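The next block is upload_11.txt, given as compact mmCIF, C-alpha atoms.
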# COMPACT_ATOMS: atom_id res chain seq x y z
CA MET H 1 -10.04 8.06 82.13
CA VAL H 2 -7.37 6.54 84.41
CA THR H 3 -5.41 8.92 86.63
CA LEU H 4 -2.10 7.67 88.00
CA LYS H 5 -0.81 9.07 91.26
CA ILE H 6 1.73 7.65 93.69
CA MET H 7 0.14 6.01 96.75
CA LYS H 8 -3.14 5.40 94.92
CA SER H 9 -4.04 2.02 93.43
CA PHE H 10 -4.53 1.65 89.68
CA GLU H 11 -4.60 -1.01 86.99
CA LEU H 12 -3.74 -0.57 83.32
CA PHE H 13 -4.12 -3.05 80.49
CA PHE H 14 -1.83 -3.43 77.47
CA LYS H 15 -2.51 -5.65 74.47
CA ILE H 16 0.40 -7.09 72.48
CA ILE H 17 -0.18 -6.01 68.86
CA ALA H 18 3.05 -7.27 67.26
CA ASP H 19 5.47 -10.13 67.97
CA ASN H 20 8.79 -10.58 66.20
CA ASN H 21 10.47 -13.71 67.58
CA CYS H 22 9.75 -12.90 71.22
CA PRO H 23 10.79 -16.03 73.20
CA LEU H 24 7.95 -15.67 75.75
CA TYR H 25 4.91 -13.75 74.56
CA GLU H 26 2.63 -13.69 71.51
CA ARG H 27 0.48 -11.23 69.60
CA GLY H 28 -2.97 -10.75 71.16
CA GLU H 29 -1.94 -11.51 74.75
CA LEU H 30 -2.58 -9.18 77.68
CA LEU H 31 -0.15 -7.42 80.02
CA THR H 32 -1.55 -5.88 83.21
CA LEU H 33 0.32 -3.16 85.10
CA SER H 34 -0.83 -2.19 88.59
CA ASP H 35 0.60 -0.14 91.43
CA LYS H 36 1.91 -3.37 92.94
CA ALA H 37 2.96 -5.66 90.10
CA LEU H 38 3.22 -6.54 86.44
CA SER H 39 0.99 -9.47 85.46
CA CYS H 40 2.04 -11.38 82.36
CA PRO H 41 -0.03 -13.79 80.24
CA GLU H 42 -1.30 -16.81 82.17
CA ASN H 43 1.15 -19.70 82.67
CA LYS H 44 4.04 -17.69 81.28
CA PRO H 45 7.08 -16.43 83.20
CA THR H 46 7.74 -12.77 83.89
CA CYS H 47 10.44 -11.32 81.65
CA LEU H 48 12.84 -9.11 83.62
CA ILE H 49 13.61 -7.06 80.53
CA LEU H 50 9.88 -6.37 80.14
CA VAL H 51 9.69 -5.41 83.83
CA ARG H 52 12.38 -2.80 83.19
CA GLU H 53 10.52 -1.42 80.17
CA MET H 54 7.23 -1.35 82.09
CA THR H 55 8.88 0.52 84.96
CA ASN H 56 10.00 3.20 82.51
CA ILE H 57 6.47 3.36 81.07
CA LEU H 58 5.03 3.68 84.57
CA PHE H 59 7.17 6.70 85.43
CA SER H 60 6.46 8.22 82.03
CA LEU H 61 2.71 7.92 82.65
CA LEU H 62 3.05 9.35 86.14
CA ASP H 63 4.82 12.39 84.70
CA SER H 64 2.35 12.89 81.82
CA GLY H 65 -0.84 12.68 83.91
CA PRO H 66 -4.15 11.01 83.00
CA VAL H 67 -4.40 8.31 80.37
CA GLN H 68 -7.46 9.02 78.22
CA ASP H 69 -9.39 5.93 77.12
CA GLY H 70 -10.46 6.34 73.52
CA GLY H 71 -7.79 8.92 72.73
CA GLU H 72 -4.94 8.52 70.26
CA LYS H 73 -3.14 5.31 71.17
CA LYS H 74 0.60 5.24 71.77
CA VAL H 75 2.49 2.10 70.82
CA TYR H 76 5.09 0.84 73.31
CA SER H 77 7.79 -1.74 72.67
CA CYS H 78 10.19 -4.09 74.43
CA SER H 79 13.29 -5.05 72.45
CA GLY H 80 16.02 -5.79 74.96
CA CYS H 81 16.67 -9.37 73.81
CA THR H 82 16.68 -11.34 70.55
CA GLY H 83 12.97 -10.68 70.00
CA LEU H 84 10.56 -7.75 69.92
CA ILE H 85 6.99 -7.09 71.01
CA LYS H 86 4.85 -4.00 70.57
CA PHE H 87 1.82 -3.24 72.73
CA ASP H 88 -0.70 -0.46 73.31
CA HIS H 89 -2.92 0.63 76.20
CA ILE H 90 -6.54 -0.57 76.10
CA SER H 91 -9.46 -0.01 78.45
CA GLU H 92 -10.78 -2.70 80.79
CA GLN H 93 -13.93 -2.81 78.67
CA GLU H 94 -11.90 -3.53 75.53
CA ALA H 95 -9.95 -6.23 77.36
CA ARG H 96 -13.16 -7.93 78.47
CA LEU H 97 -14.80 -7.69 75.05
CA ASP H 98 -11.70 -9.21 73.44
CA GLY H 99 -11.85 -12.11 75.91
CA LEU H 100 -8.53 -11.18 77.52
CA ILE H 101 -10.14 -10.92 80.97
CA ALA H 102 -12.42 -13.68 82.22
CA SER H 103 -15.99 -12.65 81.45
CA ASP H 104 -17.48 -14.93 84.10
CA SER H 105 -15.91 -13.09 87.04
CA PRO H 106 -18.61 -11.98 89.52
CA LEU H 107 -20.02 -8.47 89.59
CA ASP H 108 -18.79 -6.04 92.21
CA PRO H 109 -21.32 -4.72 94.81
CA GLU H 110 -22.22 -1.75 92.59
CA GLY H 111 -22.86 -4.07 89.66
CA GLU H 112 -25.01 -6.38 91.78
CA ALA H 113 -27.07 -3.40 92.96
CA MET H 114 -27.58 -2.28 89.36
CA LEU H 115 -28.62 -5.79 88.30
CA LYS H 116 -31.39 -5.77 90.92
CA VAL H 117 -32.78 -2.60 89.33
CA ILE H 118 -32.70 -3.80 85.71
CA ARG H 119 -33.15 -7.57 86.07
CA ASP H 120 -36.70 -7.46 84.66
CA PHE H 121 -35.94 -5.08 81.78
CA PRO H 122 -36.78 -6.78 78.43
CA LEU H 123 -33.22 -6.36 77.11
CA ILE H 124 -31.65 -7.89 80.22
CA LYS H 125 -34.13 -10.77 80.50
CA VAL H 126 -33.09 -12.26 77.14
CA ILE H 127 -29.37 -12.33 78.01
CA PRO H 128 -28.13 -15.67 79.42
CA LYS H 129 -27.16 -15.50 83.08
CA SER H 130 -23.54 -16.36 82.31
CA ASP H 131 -23.26 -13.34 79.97
CA ILE H 132 -24.82 -10.78 82.35
CA PRO H 133 -21.57 -9.68 84.11
CA ARG H 134 -19.64 -8.87 80.93
CA THR H 135 -22.70 -7.18 79.44
CA LEU H 136 -23.23 -4.87 82.43
CA ARG H 137 -19.55 -3.92 82.49
CA CYS H 138 -19.97 -2.42 79.01
CA PHE H 139 -22.57 0.11 80.22
CA ARG H 140 -21.99 3.49 81.87
CA LYS H 141 -24.55 5.20 84.10
CA GLU H 142 -25.51 8.78 83.20
CA ARG H 143 -27.89 11.35 84.72
CA LEU H 144 -29.64 13.68 82.24
CA PRO H 145 -31.43 16.90 83.29
CA ALA H 146 -34.97 17.58 82.07
CA ASP H 147 -35.31 18.99 78.53
CA THR H 148 -31.93 17.61 77.42
CA THR H 149 -31.59 16.55 73.78
CA PHE H 150 -29.03 13.74 73.89
CA ILE H 151 -29.62 12.41 70.36
CA THR H 152 -29.95 14.96 67.53
CA LYS H 153 -31.40 14.17 64.12
CA GLY H 154 -28.79 14.17 61.35
CA GLN H 155 -25.83 13.98 63.71
CA ASN H 156 -23.66 10.98 64.53
CA SER H 157 -24.96 9.07 67.54
CA LEU H 158 -22.60 6.25 68.46
CA TYR H 159 -24.31 5.14 71.67
CA LEU H 160 -27.36 3.11 72.65
CA TYR H 161 -29.24 3.99 75.83
CA LEU H 162 -31.20 1.87 78.32
CA ILE H 163 -33.56 4.06 80.36
CA LEU H 164 -33.35 3.51 84.14
CA SER H 165 -35.80 6.22 85.20
CA GLY H 166 -37.65 9.23 83.79
CA LYS H 167 -39.24 9.75 80.38
CA VAL H 168 -37.88 10.69 76.94
CA VAL H 169 -39.64 11.67 73.73
CA VAL H 170 -38.58 10.66 70.20
CA SER H 171 -39.59 13.28 67.64
CA ASP H 172 -39.08 14.34 64.04
CA SER H 173 -39.54 18.13 63.86
CA ALA H 174 -42.90 18.76 65.57
CA MET H 175 -44.10 15.17 65.13
CA VAL H 176 -43.84 12.88 68.17
CA ILE H 177 -42.86 9.35 67.13
CA ALA H 178 -42.73 7.70 70.56
CA THR H 179 -42.51 8.34 74.30
CA LEU H 180 -40.17 5.99 76.17
CA GLY H 181 -39.66 5.23 79.85
CA LYS H 182 -38.11 2.80 82.33
CA GLY H 183 -36.75 -0.33 80.66
CA ASP H 184 -36.97 1.03 77.11
CA ILE H 185 -34.08 1.41 74.66
CA CYS H 186 -33.30 4.41 72.48
CA GLY H 187 -30.55 5.06 69.97
CA GLU H 188 -30.93 1.70 68.22
CA MET H 189 -32.22 3.37 65.04
CA SER H 190 -29.09 5.55 64.95
CA TYR H 191 -27.01 2.39 65.31
CA LEU H 192 -28.94 0.82 62.44
CA GLY H 193 -28.34 3.87 60.25
CA GLY H 194 -24.58 3.60 60.67
CA GLY H 195 -24.40 6.23 63.41
CA THR H 196 -26.61 8.97 61.93
CA ALA H 197 -29.69 9.75 64.00
CA GLY H 198 -33.02 9.84 62.16
CA ALA H 199 -34.86 11.66 64.96
CA ASP H 200 -34.32 13.82 68.04
CA VAL H 201 -34.47 12.20 71.49
CA ARG H 202 -35.11 14.55 74.43
CA THR H 203 -35.75 14.06 78.14
CA LEU H 204 -39.18 15.16 79.37
CA GLU H 205 -37.99 15.04 82.99
CA GLU H 206 -34.77 14.31 84.84
CA SER H 207 -33.74 10.83 83.73
CA GLU H 208 -31.07 8.22 84.36
CA VAL H 209 -29.76 6.01 81.56
CA LEU H 210 -27.18 3.33 80.96
CA SER H 211 -25.17 4.04 77.80
CA ILE H 212 -23.10 1.65 75.69
CA SER H 213 -20.95 2.44 72.67
CA GLY H 214 -21.96 1.06 69.29
CA GLU H 215 -18.61 -0.75 69.07
CA ALA H 216 -19.12 -2.54 72.38
CA PHE H 217 -22.73 -3.37 71.55
CA SER H 218 -21.72 -4.80 68.17
CA LYS H 219 -19.29 -7.18 69.89
CA LEU H 220 -22.01 -8.30 72.29
CA LEU H 221 -24.32 -9.00 69.34
CA ASP H 222 -21.61 -11.17 67.78
CA THR H 223 -21.36 -13.40 70.84
CA ILE H 224 -24.90 -13.44 72.30
CA PRO H 225 -27.42 -14.82 69.74
CA GLU H 226 -30.34 -14.15 72.09
CA LEU H 227 -29.45 -10.45 72.12
CA GLN H 228 -29.19 -10.32 68.33
CA LEU H 229 -32.65 -11.88 67.97
CA PHE H 230 -34.12 -9.44 70.51
CA MET H 231 -32.66 -6.45 68.66
CA SER H 232 -33.93 -7.71 65.30
CA LYS H 233 -37.48 -7.90 66.67
CA LEU H 234 -37.16 -4.51 68.36
CA LEU H 235 -35.92 -2.84 65.18
CA VAL H 236 -38.87 -4.25 63.25
CA GLN H 237 -41.28 -2.93 65.89
CA ARG H 238 -39.67 0.53 66.04
CA LEU H 239 -39.53 0.87 62.28
CA THR H 240 -43.21 -0.01 62.03
CA GLU H 241 -44.03 2.72 64.56
CA SER H 242 -41.80 5.24 62.78
CA ASN H 243 -43.09 4.41 59.32
CA ALA H 244 -46.73 4.64 60.37
CA SER H 245 -46.26 8.36 60.99
CA HIS H 246 -44.82 9.32 57.61
CA PHE H 247 -45.10 6.43 55.17
CA ASP H 248 -48.11 7.88 53.30
CA THR H 249 -46.02 10.86 52.22
CA PHE H 250 -43.07 8.66 51.32
CA ASP H 251 -45.32 6.29 49.39
CA ALA H 252 -46.58 9.17 47.28
CA CYS H 253 -43.17 10.36 46.06
CA MET H 254 -40.99 7.23 46.37
CA SER H 255 -37.83 9.27 45.87
CA GLY H 256 -35.52 11.47 47.86
CA TRP H 257 -32.06 12.04 49.33
CA ILE H 258 -29.92 9.44 51.11
CA ALA H 259 -28.89 12.05 53.69
CA GLU H 260 -32.52 12.16 54.85
CA MET H 261 -33.26 8.44 54.49
CA PRO H 262 -30.09 6.26 54.79
CA PRO H 263 -29.92 2.92 52.93
CA ALA H 264 -30.51 0.83 56.06
CA GLU H 265 -33.78 2.63 56.76
CA LEU H 266 -34.83 2.53 53.11
CA PHE H 267 -34.30 -1.22 52.90
CA GLN H 268 -36.33 -1.74 56.06
CA ILE H 269 -39.21 0.40 54.79
CA PHE H 270 -39.59 -1.71 51.65
CA HIS H 271 -39.15 -4.91 53.65
CA MET H 272 -41.70 -4.01 56.33
CA ASN H 273 -44.26 -2.78 53.81
CA GLN H 274 -43.72 -5.86 51.59
CA LYS H 275 -42.98 -3.75 48.51
CA THR H 276 -42.36 -5.25 45.08
CA GLY H 277 -40.18 -3.27 42.69
CA VAL H 278 -36.71 -1.84 42.10
CA LEU H 279 -34.92 0.68 44.30
CA SER H 280 -32.49 2.68 42.12
CA LEU H 281 -29.79 4.71 43.83
CA GLU H 282 -27.29 7.30 42.60
CA LEU H 283 -24.35 6.89 44.98
CA PRO H 284 -20.78 8.29 45.14
CA LYS H 285 -19.34 5.19 43.42
CA GLY H 286 -22.01 5.06 40.71
CA GLY H 287 -25.46 3.61 40.19
CA ALA H 288 -26.93 0.86 42.35
CA LYS H 289 -30.10 -1.23 42.24
CA VAL H 290 -31.92 -3.44 44.73
CA SER H 291 -34.88 -5.58 43.64
CA PHE H 292 -37.60 -6.41 46.19
CA ARG H 293 -40.32 -9.02 45.92
CA GLU H 294 -42.93 -8.61 48.66
CA GLY H 295 -40.23 -7.07 50.85
CA CYS H 296 -37.57 -9.74 50.23
CA VAL H 297 -34.29 -8.77 48.53
CA ILE H 298 -33.84 -10.93 45.43
CA ASN H 299 -31.15 -9.01 43.56
CA ALA H 300 -28.61 -6.25 44.24
CA HIS H 301 -25.89 -4.52 42.21
CA TYR H 302 -23.47 -1.71 43.07
CA GLY H 303 -20.43 -1.18 40.88
CA GLN H 304 -18.79 -4.59 40.41
CA ALA H 305 -20.39 -5.99 43.57
CA THR H 306 -23.53 -8.13 43.53
CA ASN H 307 -26.12 -9.40 46.01
CA GLN H 308 -24.93 -9.48 49.65
CA THR H 309 -21.62 -7.71 48.95
CA ALA H 310 -23.49 -4.98 47.07
CA ILE H 311 -25.89 -4.51 49.99
CA PHE H 312 -22.98 -4.22 52.43
CA ASP H 313 -21.32 -1.60 50.20
CA MET H 314 -24.54 0.42 49.87
CA LEU H 315 -24.99 0.53 53.64
CA GLN H 316 -21.69 2.42 53.87
CA GLU H 317 -22.99 5.34 51.81
CA LYS H 318 -24.39 8.54 53.33
CA GLU H 319 -24.91 10.74 50.26
CA GLY H 320 -26.86 10.35 47.03
CA ARG H 321 -30.40 10.04 45.68
CA TYR H 322 -32.90 7.19 45.47
CA LYS H 323 -36.04 6.34 43.50
CA PHE H 324 -38.37 3.36 43.82
CA THR H 325 -40.22 1.92 40.80
CA THR H 326 -42.94 -0.66 41.36
CA GLY H 327 -43.10 -3.94 39.46
CA LEU H 328 -40.69 -6.73 38.43
CA THR H 329 -40.16 -8.87 35.34
CA PRO H 330 -41.66 -12.40 35.32
CA GLU H 331 -38.14 -13.84 35.73
CA GLU H 332 -37.45 -11.68 38.77
CA MET H 333 -40.76 -12.71 40.34
CA LYS H 334 -39.46 -16.30 40.40
CA ALA H 335 -35.99 -15.48 41.81
CA VAL H 336 -34.99 -16.65 45.29
CA GLU H 337 -34.08 -14.13 47.98
CA ILE H 338 -30.36 -13.55 48.55
CA GLY H 339 -30.57 -14.15 52.32
CA ASP H 340 -32.57 -13.59 55.49
CA PHE H 341 -33.31 -9.87 55.49
CA MET H 342 -32.65 -9.04 59.17
CA MET H 343 -29.49 -11.15 59.37
CA LEU H 344 -28.27 -9.50 56.16
CA LEU H 345 -28.99 -6.05 57.58
CA MET H 346 -27.35 -6.74 60.96
CA GLU H 347 -24.21 -8.11 59.28
CA GLY H 348 -24.08 -5.03 57.05
CA ILE H 349 -24.36 -2.66 60.02
CA LYS H 350 -21.61 -4.57 61.79
CA ARG H 351 -19.35 -4.05 58.77
CA VAL H 352 -20.19 -0.33 58.73
CA ASP H 353 -19.07 -0.13 62.37
CA GLU H 354 -15.85 -2.02 61.67
CA SER H 355 -14.96 0.18 58.70
CA GLY H 356 -15.59 3.27 60.85
CA GLU H 357 -13.11 1.99 63.43
CA ASP H 358 -10.44 1.41 60.76
CA SER H 359 -10.84 4.82 59.08

As structure tokens - that is how I would like this structure written.
Amino acid sequence: MVTLKIMKSFELFFKIIADNNCPLYERGELLTLSDKALSCPENKPTCLILVREMTNILFSLLDSGPVQDGGEKKVYSCSGCTGLIKFDHISEQEARLDGLIASDSPLDPEGEAMLKVIRDFPLIKVIPKSDIPRTLRCFRKERLPADTTFITKGQNSLYLYLILSGKVVVSDSAMVIATLGKGDICGEMSYLGGGTAGADVRTLEESEVLSISGEAFSKLLDTIPELQLFMSKLLVQRLTESNASHFDTFDACMSGWIAEMPPAELFQIFHMNQKTGVLSLELPKGGAKVSFREGCVINAHYGQATNQTAIFDMLQEKEGRYKFTTGLTPEEMKAVEIGDFMMLLMEGIKRVDESGEDS
């Protein structure tokens, strides 16, 4: 939240989202409004007509009070000449993630102090030094009292958490899945499931965490291969731990509801346990099938979509039923897999996030 008051410094960022023959600026460029000046895109002159429009916006914001990041966005425009641009307010984090603000700018003193605390955390150690500043700027520090449930099974959880201090427990009903502490990550399984948590996460004592939105984390994964590889390995490890506690029961029935076991988690279970057979699903848009050979996906159909596209479409679904039947035909046993499983899954989750932003 940015609060504007006269005599106090501030800085707001606006991204140009439309350009209709503007003689100076283009779609995608950044405008920065502070208490002292208007900063236009680099190496471009300052338009006096835009200055006038920005002055009106400034007084309008002063009258209306705080600007809420993440709220409903208002579109502004400048049309005092032969051209037209439209722009909306974005947060500093969005500006950095979109590459509109230099990501290699040094950390402020608070950021440097935080880096000293987390430098040896497994997640931070894999990130290249040049990417550390922009990564840390995406996180927000939070203090959680003891016995606080901050991720609830079945509910949307759109954040990942890096534990700074304290202890948290991951549980499914009365069954404890894992106990996590300093340097550990939680919430990644919710991210994998398209935002729906598969377990409760509760603090055992007063704890401090760094939180990051799924949207911001997805953009970091796109641009930092080392981070993507780290998360792939972590997800495999966590799923193995989770499955060990309840896979015997699942193995006995091999069927159930998507609301209780989302597609992303189902696919991982069959992959990790090297299953061979066909997963049949009854989904909102009709029937779907995924064929596994020793955990590798060799065939997929959903509606008119096939293979990778079908997998991506299935990952979007949150309702329906599933059933797994063991065994494949001789022809299917010879088929090649449709792609690297973890890369396929990560790309699918990214698309789920993007579709959620557009809806």

Check your understanding: Given the choices H:Thr309, H:Phe217, H:Lys153, H:Asp147, which gets closest to Arg202 (chain H) if the distance is worked out from all atoms listed in the file?
Key -> H:Asp147

**Study point:** For Asn273 (chain H): contacts at 9 Å, all atoms listed in the file, fewer than 4 positions along chain excluded, given as a PyMOL selection string
**Key:** chain H and resi 240+268-269+294-295

Using all atoms of region 34-42 of chain H listed in the file and a margin of 4 Å per side, can you give the axis-aligned box centre and edge lengths in Å to one decimal, as AutoDock Vina command-line options?
--center_x 1.0 --center_y -8.5 --center_z 86.6 --size_x 12.5 --size_y 24.7 --size_z 20.7

Exercise for review: Enter the distance from CA of Pro284 (chain H) to CA of Met261 (chain H), in Å, rounded to one decimal.
Suggested key: 15.6 Å

Residues proximal to (-32.3, -8.5, 41.0) were defined as those with any atom within 12 Å of that point in the file's coordinates, counting all atoms listed in the file. Which are they, as a PDB file with C-alpha atoms, in the frame of the given file?
ATOM      1  CA  THR H 276     -42.360  -5.250  45.080  1.00  0.00           C
ATOM      2  CA  GLY H 277     -40.180  -3.270  42.690  1.00  0.00           C
ATOM      3  CA  VAL H 278     -36.710  -1.840  42.100  1.00  0.00           C
ATOM      4  CA  LEU H 279     -34.920   0.680  44.300  1.00  0.00           C
ATOM      5  CA  SER H 280     -32.490   2.680  42.120  1.00  0.00           C
ATOM      6  CA  ALA H 288     -26.930   0.860  42.350  1.00  0.00           C
ATOM      7  CA  LYS H 289     -30.100  -1.230  42.240  1.00  0.00           C
ATOM      8  CA  VAL H 290     -31.920  -3.440  44.730  1.00  0.00           C
ATOM      9  CA  SER H 291     -34.880  -5.580  43.640  1.00  0.00           C
ATOM     10  CA  PHE H 292     -37.600  -6.410  46.190  1.00  0.00           C
ATOM     11  CA  ARG H 293     -40.320  -9.020  45.920  1.00  0.00           C
ATOM     12  CA  CYS H 296     -37.570  -9.740  50.230  1.00  0.00           C
ATOM     13  CA  VAL H 297     -34.290  -8.770  48.530  1.00  0.00           C
ATOM     14  CA  ILE H 298     -33.840 -10.930  45.430  1.00  0.00           C
ATOM     15  CA  ASN H 299     -31.150  -9.010  43.560  1.00  0.00           C
ATOM     16  CA  ALA H 300     -28.610  -6.250  44.240  1.00  0.00           C
ATOM     17  CA  HIS H 301     -25.890  -4.520  42.210  1.00  0.00           C
ATOM     18  CA  TYR H 302     -23.470  -1.710  43.070  1.00  0.00           C
ATOM     19  CA  THR H 306     -23.530  -8.130  43.530  1.00  0.00           C
ATOM     20  CA  ASN H 307     -26.120  -9.400  46.010  1.00  0.00           C
ATOM     21  CA  GLN H 308     -24.930  -9.480  49.650  1.00  0.00           C
ATOM     22  CA  ALA H 310     -23.490  -4.980  47.070  1.00  0.00           C
ATOM     23  CA  ILE H 311     -25.890  -4.510  49.990  1.00  0.00           C
ATOM     24  CA  GLY H 327     -43.100  -3.940  39.460  1.00  0.00           C
ATOM     25  CA  LEU H 328     -40.690  -6.730  38.430  1.00  0.00           C
ATOM     26  CA  THR H 329     -40.160  -8.870  35.340  1.00  0.00           C
ATOM     27  CA  PRO H 330     -41.660 -12.400  35.320  1.00  0.00           C
ATOM     28  CA  GLU H 331     -38.140 -13.840  35.730  1.00  0.00           C
ATOM     29  CA  GLU H 332     -37.450 -11.680  38.770  1.00  0.00           C
ATOM     30  CA  MET H 333     -40.760 -12.710  40.340  1.00  0.00           C
ATOM     31  CA  LYS H 334     -39.460 -16.300  40.400  1.00  0.00           C
ATOM     32  CA  ALA H 335     -35.990 -15.480  41.810  1.00  0.00           C
ATOM     33  CA  VAL H 336     -34.990 -16.650  45.290  1.00  0.00           C
ATOM     34  CA  GLU H 337     -34.080 -14.130  47.980  1.00  0.00           C
ATOM     35  CA  ILE H 338     -30.360 -13.550  48.550  1.00  0.00           C
TER      36      ILE H 338
END

Exercise for review: Can you pull out every residue within 12 Å of Lys141 (chain H), counting only C-alpha atoms, but drop anything in the same chain fewer than 4 positions away, and send it as number ranges by chain?
Suggested key: H: 110-111, 114, 136-137, 160-165, 207-212

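Checking H:Leu31, H:Ala95, H:Ile57, H:Ile185 one by one against Arg134 (chain H), counting all atoms listed in the file, you find the shortest gap at H:Ala95.
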
Point to revise | Residue among H:Ile101, H:Cys186, H:Ile224, H:Lys74 lying closest to Glu42 (chain H), counting all atoms listed in the file | key: H:Ile101

Check your understanding: From the set H:Lys182, H:Leu158, H:Asp222, H:Pro145, which residue has the shortest atom-to-atom contact distance to Glu206 (chain H), counting all atoms listed in the file?
Key ->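 Once distances to Glu206 (chain H) are computed over all atoms listed in the file, the minimum belongs to H:Pro145.
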
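Here CA of Leu144 (chain H) is placed at a distance of 22.7 Å from CA of Glu112 (chain H).
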